[in-house]
>>> print(open('structure.txt').read())   # compact mmCIF, C-alpha atoms and all ligand atoms
# COMPACT_ATOMS: atom_id res chain seq x y z
CA MET F 1 9.02 4.44 -22.98
CA ARG F 2 10.44 6.61 -20.26
CA ASP F 3 7.40 7.66 -18.34
CA ILE F 4 6.71 6.14 -14.95
CA SER F 5 3.05 7.12 -15.18
CA LEU F 6 2.60 4.56 -17.98
CA LEU F 7 3.18 1.76 -15.48
CA HIS F 8 0.36 -0.11 -13.76
CA PRO F 9 -0.84 2.21 -10.95
CA GLU F 10 0.20 -0.17 -8.17
CA ILE F 11 3.74 -0.56 -9.46
CA GLU F 12 3.97 3.14 -10.31
CA GLU F 13 3.21 3.91 -6.69
CA LYS F 14 5.80 1.43 -5.45
CA CYS F 15 8.33 2.73 -7.95
CA CYS F 16 7.93 6.31 -6.67
CA LYS F 17 8.08 5.12 -3.08
CA LEU F 18 11.27 3.18 -3.80
CA ILE F 19 12.98 6.28 -5.24
CA GLU F 20 11.97 8.21 -2.12
CA LEU F 21 12.99 5.41 0.25
CA CYS F 22 16.40 5.12 -1.43
CA LYS F 23 16.87 8.87 -1.12
CA GLN F 24 16.13 8.62 2.60
CA ASN F 25 18.81 5.92 2.80
CA GLY F 26 21.35 8.02 0.94
CA ILE F 27 21.16 6.10 -2.35
CA GLU F 28 20.34 7.81 -5.63
CA ILE F 29 18.57 5.67 -8.21
CA ILE F 30 17.09 6.33 -11.62
CA ILE F 31 14.51 4.27 -13.47
CA THR F 32 15.97 2.99 -16.72
CA GLN F 33 13.30 0.63 -18.02
CA MET F 34 9.54 0.84 -17.61
CA LEU F 35 6.71 -0.05 -19.95
CA ARG F 36 8.01 -1.45 -23.24
CA THR F 37 6.09 -1.25 -26.49
CA LYS F 38 6.00 -4.15 -28.92
CA LYS F 39 8.61 -2.42 -31.08
CA GLU F 40 10.90 -1.72 -28.14
CA GLN F 41 10.78 -5.34 -26.93
CA THR F 42 11.28 -6.67 -30.46
CA ASP F 43 14.29 -4.39 -31.03
CA LEU F 44 15.74 -5.38 -27.67
CA TYR F 45 15.29 -9.08 -28.45
CA ALA F 46 17.10 -8.59 -31.76
CA GLU F 47 20.21 -7.31 -29.98
CA GLY F 48 22.83 -10.04 -29.96
CA ARG F 49 20.71 -12.11 -32.34
CA THR F 50 19.95 -10.46 -35.67
CA LYS F 51 21.62 -7.23 -34.58
CA PRO F 52 25.20 -6.78 -33.32
CA GLY F 53 26.02 -6.63 -29.62
CA ARG F 54 25.34 -8.98 -26.74
CA LYS F 55 22.01 -10.47 -25.81
CA VAL F 56 20.09 -8.29 -23.37
CA THR F 57 16.83 -10.19 -22.99
CA ASN F 58 15.56 -13.73 -23.32
CA ALA F 59 11.99 -12.63 -23.74
CA ARG F 60 10.19 -11.97 -26.99
CA TYR F 61 7.13 -9.72 -27.02
CA PRO F 62 4.87 -10.15 -25.00
CA TYR F 63 6.75 -12.47 -22.60
CA SER F 64 8.60 -9.76 -20.66
CA PRO F 65 6.73 -8.23 -17.69
CA HIS F 66 7.94 -4.87 -19.03
CA CYS F 67 5.52 -5.29 -21.94
CA TRP F 68 2.68 -5.37 -19.39
CA GLY F 69 3.69 -2.32 -17.35
CA VAL F 70 4.24 -4.34 -14.18
CA ALA F 71 8.05 -4.17 -13.96
CA PHE F 72 10.80 -1.58 -13.93
CA ASP F 73 14.59 -1.52 -13.86
CA ILE F 74 16.70 0.81 -11.82
CA ALA F 75 20.28 2.02 -11.96
CA VAL F 76 22.26 3.24 -8.99
CA LYS F 77 24.06 6.54 -9.35
CA VAL F 78 27.31 7.13 -7.51
CA ASP F 79 28.71 10.66 -7.51
CA GLY F 80 26.12 11.60 -10.12
CA LYS F 81 27.09 8.81 -12.52
CA VAL F 82 25.30 5.53 -13.25
CA ASN F 83 27.24 2.73 -11.65
CA TRP F 84 26.67 -0.96 -12.48
CA ASN F 85 29.44 -2.31 -10.26
CA ARG F 86 28.34 -1.40 -6.75
CA ILE F 87 26.47 -4.66 -6.15
CA ASP F 88 26.36 -3.79 -2.44
CA LEU F 89 24.17 -0.78 -3.27
CA TYR F 90 21.95 -2.78 -5.64
CA LYS F 91 21.44 -5.29 -2.83
CA LYS F 92 20.42 -2.48 -0.47
CA VAL F 93 17.94 -1.18 -3.04
CA GLY F 94 16.70 -4.76 -3.49
CA ALA F 95 15.97 -5.05 0.23
CA LEU F 96 14.18 -1.68 0.24
CA GLY F 97 12.13 -2.76 -2.78
CA LYS F 98 11.14 -5.99 -1.07
CA SER F 99 10.06 -4.03 2.00
CA LEU F 100 7.56 -2.31 -0.30
CA GLY F 101 6.21 -5.66 -1.49
CA LEU F 102 8.08 -5.73 -4.78
CA PHE F 103 9.60 -8.89 -6.21
CA TRP F 104 13.32 -8.43 -6.87
CA ASP F 105 15.22 -10.49 -9.44
CA GLY F 106 18.51 -9.99 -7.61
CA ASP F 107 17.70 -12.98 -5.43
CA PHE F 108 17.92 -15.51 -8.26
CA LYS F 109 20.75 -18.02 -8.19
CA SER F 110 21.11 -17.91 -11.97
CA PHE F 111 20.02 -15.12 -14.34
CA VAL F 112 20.50 -12.69 -11.48
CA ASP F 113 19.04 -9.35 -12.53
CA TYR F 114 19.94 -6.77 -9.90
CA PRO F 115 18.17 -3.78 -11.49
CA HIS F 116 14.84 -5.54 -12.08
CA PHE F 117 11.72 -5.23 -9.90
CA GLU F 118 8.25 -6.51 -10.63
CA ASP F 119 4.82 -6.74 -9.07
CA PRO F 120 4.36 -10.22 -7.54
CA LYS F 121 0.61 -9.81 -7.83
CA TYR F 122 0.86 -10.19 -11.60
CA VAL F 123 4.21 -11.78 -12.29
CA VAL F 124 6.78 -13.84 -10.42
CA GLY F 125 10.23 -14.59 -11.73
CA LYS F 126 9.46 -12.77 -14.97
CA SER F 127 6.72 -15.24 -15.86
CA VAL F 128 3.66 -13.52 -17.32
CA LYS F 129 1.63 -16.73 -17.71
CA THR F 130 -1.18 -15.47 -15.49
CA LEU F 131 -1.44 -12.18 -17.35
CA ILE F 132 -1.59 -13.94 -20.70
CA ARG F 133 -4.27 -16.31 -19.40
CA ASN F 134 -6.40 -13.48 -18.03
CA TRP F 135 -5.83 -10.72 -20.57
CA LYS F 136 -4.40 -12.44 -23.66
CA THR F 137 -2.53 -9.30 -24.84
CA PRO F 138 -0.66 -6.49 -23.09
CA ASP F 139 -2.84 -3.98 -24.94
CA ALA F 140 -6.00 -5.28 -23.26
CA PHE F 141 -4.39 -5.20 -19.83
CA ILE F 142 -2.84 -1.75 -20.29
CA GLN F 143 -6.09 -0.29 -21.60
CA HIS F 144 -7.88 -1.71 -18.57
CA TYR F 145 -5.53 -0.19 -16.00
CA ARG F 146 -5.28 3.11 -17.84
CA SER F 147 -9.01 3.68 -17.71
CA ALA F 148 -9.03 2.64 -14.04
CA LYS F 149 -6.25 5.18 -13.46
CA LYS F 150 -8.22 7.94 -15.17
CA GLU F 151 -11.22 7.19 -12.98
CA GLU F 152 -9.00 7.35 -9.91
CA GLU F 153 -7.58 10.71 -10.99
CA LYS F 154 -11.07 12.09 -11.56
CA LYS F 155 -11.96 11.17 -7.99
CA MET F 156 -8.99 13.14 -6.71
CA PRO F 157 -10.23 16.71 -6.27
CA ASP F 158 -7.99 19.50 -7.56
CA GLN F 159 -8.09 21.01 -4.12
CA TRP F 160 -6.32 18.07 -2.53
CA LYS F 161 -2.90 19.58 -3.05
CA LEU F 162 -3.83 22.80 -1.37
CA ASN F 163 -5.82 21.28 1.45
CA ILE F 164 -4.12 18.05 2.38
CA ILE F 165 -0.61 19.34 1.80
CA LYS F 166 -1.37 22.44 3.85
CA GLN F 167 -2.74 20.35 6.69
CA ALA F 168 0.13 17.89 6.41
CA LYS F 169 2.61 20.74 6.67
CA GLU F 170 0.82 22.21 9.67
CA LYS F 171 0.85 18.85 11.39
CA GLY F 172 4.53 18.48 10.56
CA ILE F 173 3.89 15.33 8.50
CA ILE F 174 5.84 16.79 5.59
CA THR F 175 8.31 19.63 5.33
CA ASP F 176 8.53 22.55 2.94
CA ASP F 177 10.96 20.82 0.61
CA HIS F 178 8.36 18.20 -0.34
CA ASN F 179 7.09 18.94 -3.80
CA PRO F 180 3.29 18.72 -3.73
CA ASP F 181 3.32 17.70 -7.38
CA ASP F 182 5.44 14.71 -6.51
CA LYS F 183 3.26 11.60 -6.48
CA ALA F 184 5.28 10.02 -3.69
CA THR F 185 4.37 12.98 -1.49
CA LYS F 186 0.71 12.51 -2.32
CA TRP F 187 0.73 8.82 -1.47
CA PHE F 188 2.72 9.39 1.67
CA VAL F 189 0.29 12.02 2.89
CA LEU F 190 -2.74 9.93 1.94
CA ASP F 191 -1.29 6.94 3.83
CA VAL F 192 -0.90 9.04 6.96
CA GLU F 193 -4.41 10.45 6.52
CA LYS F 194 -5.78 6.94 6.16
CA MET F 195 -4.01 5.82 9.34
CA GLN F 196 -5.37 8.81 11.20
CA GLY F 197 -8.86 7.99 9.91
CA ILE F 198 -8.54 4.45 11.25
CA GLN F 199 -7.33 5.80 14.58
CA LYS F 200 -10.26 8.23 14.81
CA GLU F 201 -12.72 5.46 14.00
CA LEU F 202 -11.28 3.26 16.72
CA GLU F 203 -11.49 6.06 19.27
CA ALA F 204 -15.14 6.64 18.34
CA LYS F 205 -15.89 2.94 18.81
CA GLN F 206 -14.11 2.88 22.15
CA GLU F 207 -16.15 5.83 23.33
CA LEU F 208 -19.38 4.10 22.27
CA ALA F 209 -18.36 0.88 24.04
CA ARG F 210 -17.81 2.84 27.23
CA LEU F 211 -21.26 4.40 26.89
CA ALA F 212 -22.75 0.97 26.20
CA VAL F 213 -21.38 -0.42 29.45
CA GLN F 214 -22.56 2.60 31.42
CA PHE F 215 -25.96 2.44 29.78
CA VAL F 216 -26.45 -1.20 30.75
CA GLN F 217 -25.28 -0.60 34.29
CA GLN F 218 -27.84 2.17 34.62
CA PHE F 219 -30.89 0.50 33.08
CA TYR F 220 -30.36 -3.22 33.43
CA ARG F 221 -28.85 -3.34 36.89
CA ASP F 222 -30.77 -6.47 37.88
CA PHE F 223 -30.01 -8.52 34.78
CA GLU F 224 -27.62 -11.47 34.84
CA GLY F 225 -24.09 -11.06 33.47
CA PRO F 226 -24.68 -12.66 30.04
CA GLN F 227 -27.93 -10.72 29.59
CA LYS F 228 -26.14 -7.51 30.41
CA TYR F 229 -23.51 -8.32 27.85
CA GLU F 230 -26.23 -8.96 25.26
CA GLN F 231 -27.82 -5.59 26.03
CA ALA F 232 -24.52 -3.76 25.85
CA ALA F 233 -23.57 -5.52 22.61
CA GLN F 234 -26.92 -4.68 21.03
CA TRP F 235 -26.74 -1.06 22.12
CA LEU F 236 -23.20 -0.74 20.79
CA ALA F 237 -24.11 -2.30 17.42
CA THR F 238 -27.10 0.03 17.01
CA GLU F 239 -25.21 3.17 17.98
CA ALA F 240 -22.23 2.26 15.79
CA GLY F 241 -24.65 1.83 12.89
CA LYS F 242 -26.14 5.26 13.53
CA HIS F 243 -22.65 6.76 13.37
CA GLY F 244 -21.88 4.94 10.14
CA LEU F 245 -19.23 2.78 11.81
CA CYS F 246 -18.77 -0.78 10.66
CA ILE F 247 -18.40 -3.12 13.61
CA SER F 248 -18.15 -6.93 13.83
CA GLU F 249 -19.32 -9.31 16.58
CA GLU F 250 -15.71 -10.02 17.48
CA GLU F 251 -14.93 -6.31 17.67
CA ILE F 252 -17.96 -5.68 19.88
CA LYS F 253 -16.79 -8.34 22.32
CA VAL F 254 -13.23 -6.98 22.46
CA LEU F 255 -14.42 -3.38 22.82
CA ILE F 256 -16.84 -4.14 25.63
CA GLU F 257 -14.30 -6.23 27.51
CA ALA F 258 -11.72 -3.50 27.13
CA SER F 259 -13.99 -0.67 28.24
CA LEU F 260 -15.16 -2.74 31.19
CA LYS F 261 -11.54 -3.28 32.19
CA ARG F 262 -10.85 0.42 31.85
CA LEU F 263 -13.90 1.37 33.92
CA LYS F 264 -12.84 -1.06 36.62
CA ALA F 265 -9.38 0.39 36.65
CA GLU F 266 -10.87 3.86 36.92
CA PHE F 267 -13.73 3.26 39.33
CA GLY F 268 -12.75 0.14 41.21
CA GLU F 269 -14.62 -3.04 41.91
CA GLN F 270 -18.11 -1.57 41.94
CA TRP F 271 -18.02 -2.38 38.22
CA GLU F 272 -17.39 -6.03 39.00
CA ASP F 273 -21.00 -7.08 38.47
CA VAL F 274 -21.85 -4.95 35.50
CA VAL F 275 -21.07 -7.34 32.72
CA LYS F 276 -19.66 -10.82 32.90
CA VAL F 277 -18.66 -11.70 29.41
CA GLN F 278 -18.96 -15.38 28.58
CA GLU F 279 -15.80 -16.84 27.15
ZN ZN F 301 13.71 -5.60 -16.15
>>> encode(input="structure.txt", output="structure tokens")
Amino acid sequence: MRDISLLHPEIEEKCCKLIELCKQNGIEIIITQMLRTKKEQTDLYAEGRTKPGRKVTNARYPYSPHCWGVAFDIAVKVDGKVNWNRIDLYKKVGALGKSLGLFWDGDFKSFVDYPHFEDPKYVVGKSVKTLIRNWKTPDAFIQHYRSAKKEEEKKMPDQWKLNIIKQAKEKGIITDDHNPDDKATKWFVLDVEKMQGIQKELEAKQELARLAVQFVQQFYRDFEGPQKYEQAAQWLATEAGKHGLCISEEEIKVLIEASLKRLKAEFGEQWEDVVKVQE
């Protein structure tokens, strides 16, 4: 079936990203094989066996990862035409695919399969043993990820295109020639948004750590170093909680040490005695 959206959502995302990444590197690819139905795999297996032609697959249904929606095959186009001979280009696409966390069958010593990519989370080297053990049949697995996909789509508000894309354009994250209906664009923008969210959260924590150190200096001036640290750590944990920020012991320690260092750099050695963090 020639519809990328029938793939498992994780591999669909990587597939779209690979097309985009190849484009950025001046290589045009098309997706030639995606999810295969039982009939499609059975017909393919018959080729070169009970049907004329050469053998194209060693896997009967359901032993190909294509039957499970966790693999796809690509073809490189050169001057607008599919080209199977430019191994150099297939190798470049292979490297790009691997950079996205895909498993590429072009690395095999024997049964090299340059066009084939799969999701190493579910299948390695075309073996679907784990999937069969966990799900028994492709139908069960596909049904499971399809309903998860529907849930995910429901969560995505219709407004996202208008809002996020508009913001992304204003910020210069994407340009006008990005198609907002293109899933790769959506994922790209969401990735950037997520990174910015993480950055904002870190800045908020840093600000709180700075306040924590100042607070302790003001109210617990006479305490010993370790006690001061305890007070600052407690204050920071409480305030972070109030702001809905998740913060670990380790993070608290690093943040307080860092803000202390920064305050010292800014205000000089009068901060020396504020907090002595125990190693
Ligand atoms: Zn394949």
>>> closest_residue(input="structure.txt", among="F:Glu203, F:Asp119, F:Glu251, F:Glu47", to="ligand ZN 301 (chain F)", atoms="only C-alpha atoms and all ligand atoms")
F:Asp119
>>> closest_atom_pairs(input="structure.txt", of="chain F", to="ligand ZN 301 (chain F)", cutoff="6 Å", atoms="all atoms listed in the file", output="CSV")
residue,atom,partner,partner_atom,distance
F:Phe72,CA,F:ZN301,ZN,5.4
F:Asp73,CA,F:ZN301,ZN,4.8
F:His116,CA,F:ZN301,ZN,4.2
>>> closest_residue(input="structure.txt", among="F:Thr137, F:Gln167, F:Gln214, F:Ser64", to="Val123 of chain F", atoms="all atoms listed in the file")
F:Ser64
>>> atom_distance(input="structure.txt", atom1="atom CA of Pro120 of chain F", atom2="atom CA of Lys77 of chain F")
25.9 Å
>>> closest_residue(input="structure.txt", among="F:Asn134, F:Ile19, F:Phe141, F:Asp3", to="Ala184 of chain F", atoms="only C-alpha atoms")
F:Ile19
>>> residues_around(input="structure.txt", residues="segment 143-156 of chain F", least_positions_apart="3", cutoff="12 Å", atoms="only C-alpha atoms", output="PDB file with C-alpha atoms, in the coordinates of the input")
ATOM      1  CA  SER F   5       3.050   7.120 -15.180  1.00  0.00           C
ATOM      2  CA  LEU F   6       2.600   4.560 -17.980  1.00  0.00           C
ATOM      3  CA  LEU F   7       3.180   1.760 -15.480  1.00  0.00           C
ATOM      4  CA  HIS F   8       0.360  -0.110 -13.760  1.00  0.00           C
ATOM      5  CA  PRO F   9      -0.840   2.210 -10.950  1.00  0.00           C
ATOM      6  CA  GLU F  10       0.200  -0.170  -8.170  1.00  0.00           C
ATOM      7  CA  ILE F  11       3.740  -0.560  -9.460  1.00  0.00           C
ATOM      8  CA  GLU F  12       3.970   3.140 -10.310  1.00  0.00           C
ATOM      9  CA  GLU F  13       3.210   3.910  -6.690  1.00  0.00           C
ATOM     10  CA  TRP F  68       2.680  -5.370 -19.390  1.00  0.00           C
ATOM     11  CA  GLY F  69       3.690  -2.320 -17.350  1.00  0.00           C
ATOM     12  CA  VAL F  70       4.240  -4.340 -14.180  1.00  0.00           C
ATOM     13  CA  ASN F 134      -6.400 -13.480 -18.030  1.00  0.00           C
ATOM     14  CA  TRP F 135      -5.830 -10.720 -20.570  1.00  0.00           C
ATOM     15  CA  THR F 137      -2.530  -9.300 -24.840  1.00  0.00           C
ATOM     16  CA  PRO F 138      -0.660  -6.490 -23.090  1.00  0.00           C
ATOM     17  CA  ASP F 139      -2.840  -3.980 -24.940  1.00  0.00           C
ATOM     18  CA  ALA F 140      -6.000  -5.280 -23.260  1.00  0.00           C
ATOM     19  CA  GLN F 159      -8.090  21.010  -4.120  1.00  0.00           C
ATOM     20  CA  TRP F 160      -6.320  18.070  -2.530  1.00  0.00           C
ATOM     21  CA  LYS F 161      -2.900  19.580  -3.050  1.00  0.00           C
ATOM     22  CA  ASN F 163      -5.820  21.280   1.450  1.00  0.00           C
ATOM     23  CA  ILE F 164      -4.120  18.050   2.380  1.00  0.00           C
ATOM     24  CA  LYS F 183       3.260  11.600  -6.480  1.00  0.00           C
ATOM     25  CA  LYS F 186       0.710  12.510  -2.320  1.00  0.00           C
ATOM     26  CA  TRP F 187       0.730   8.820  -1.470  1.00  0.00           C
ATOM     27  CA  LEU F 190      -2.740   9.930   1.940  1.00  0.00           C
TER      28      LEU F 190
END
>>> residues_around(input="structure.txt", residues="Trp235 of chain F", least_positions_apart="4", cutoff="7 Å", atoms="only C-alpha atoms", output="list in words")
Ala212, Gln231 and Glu239 of chain F
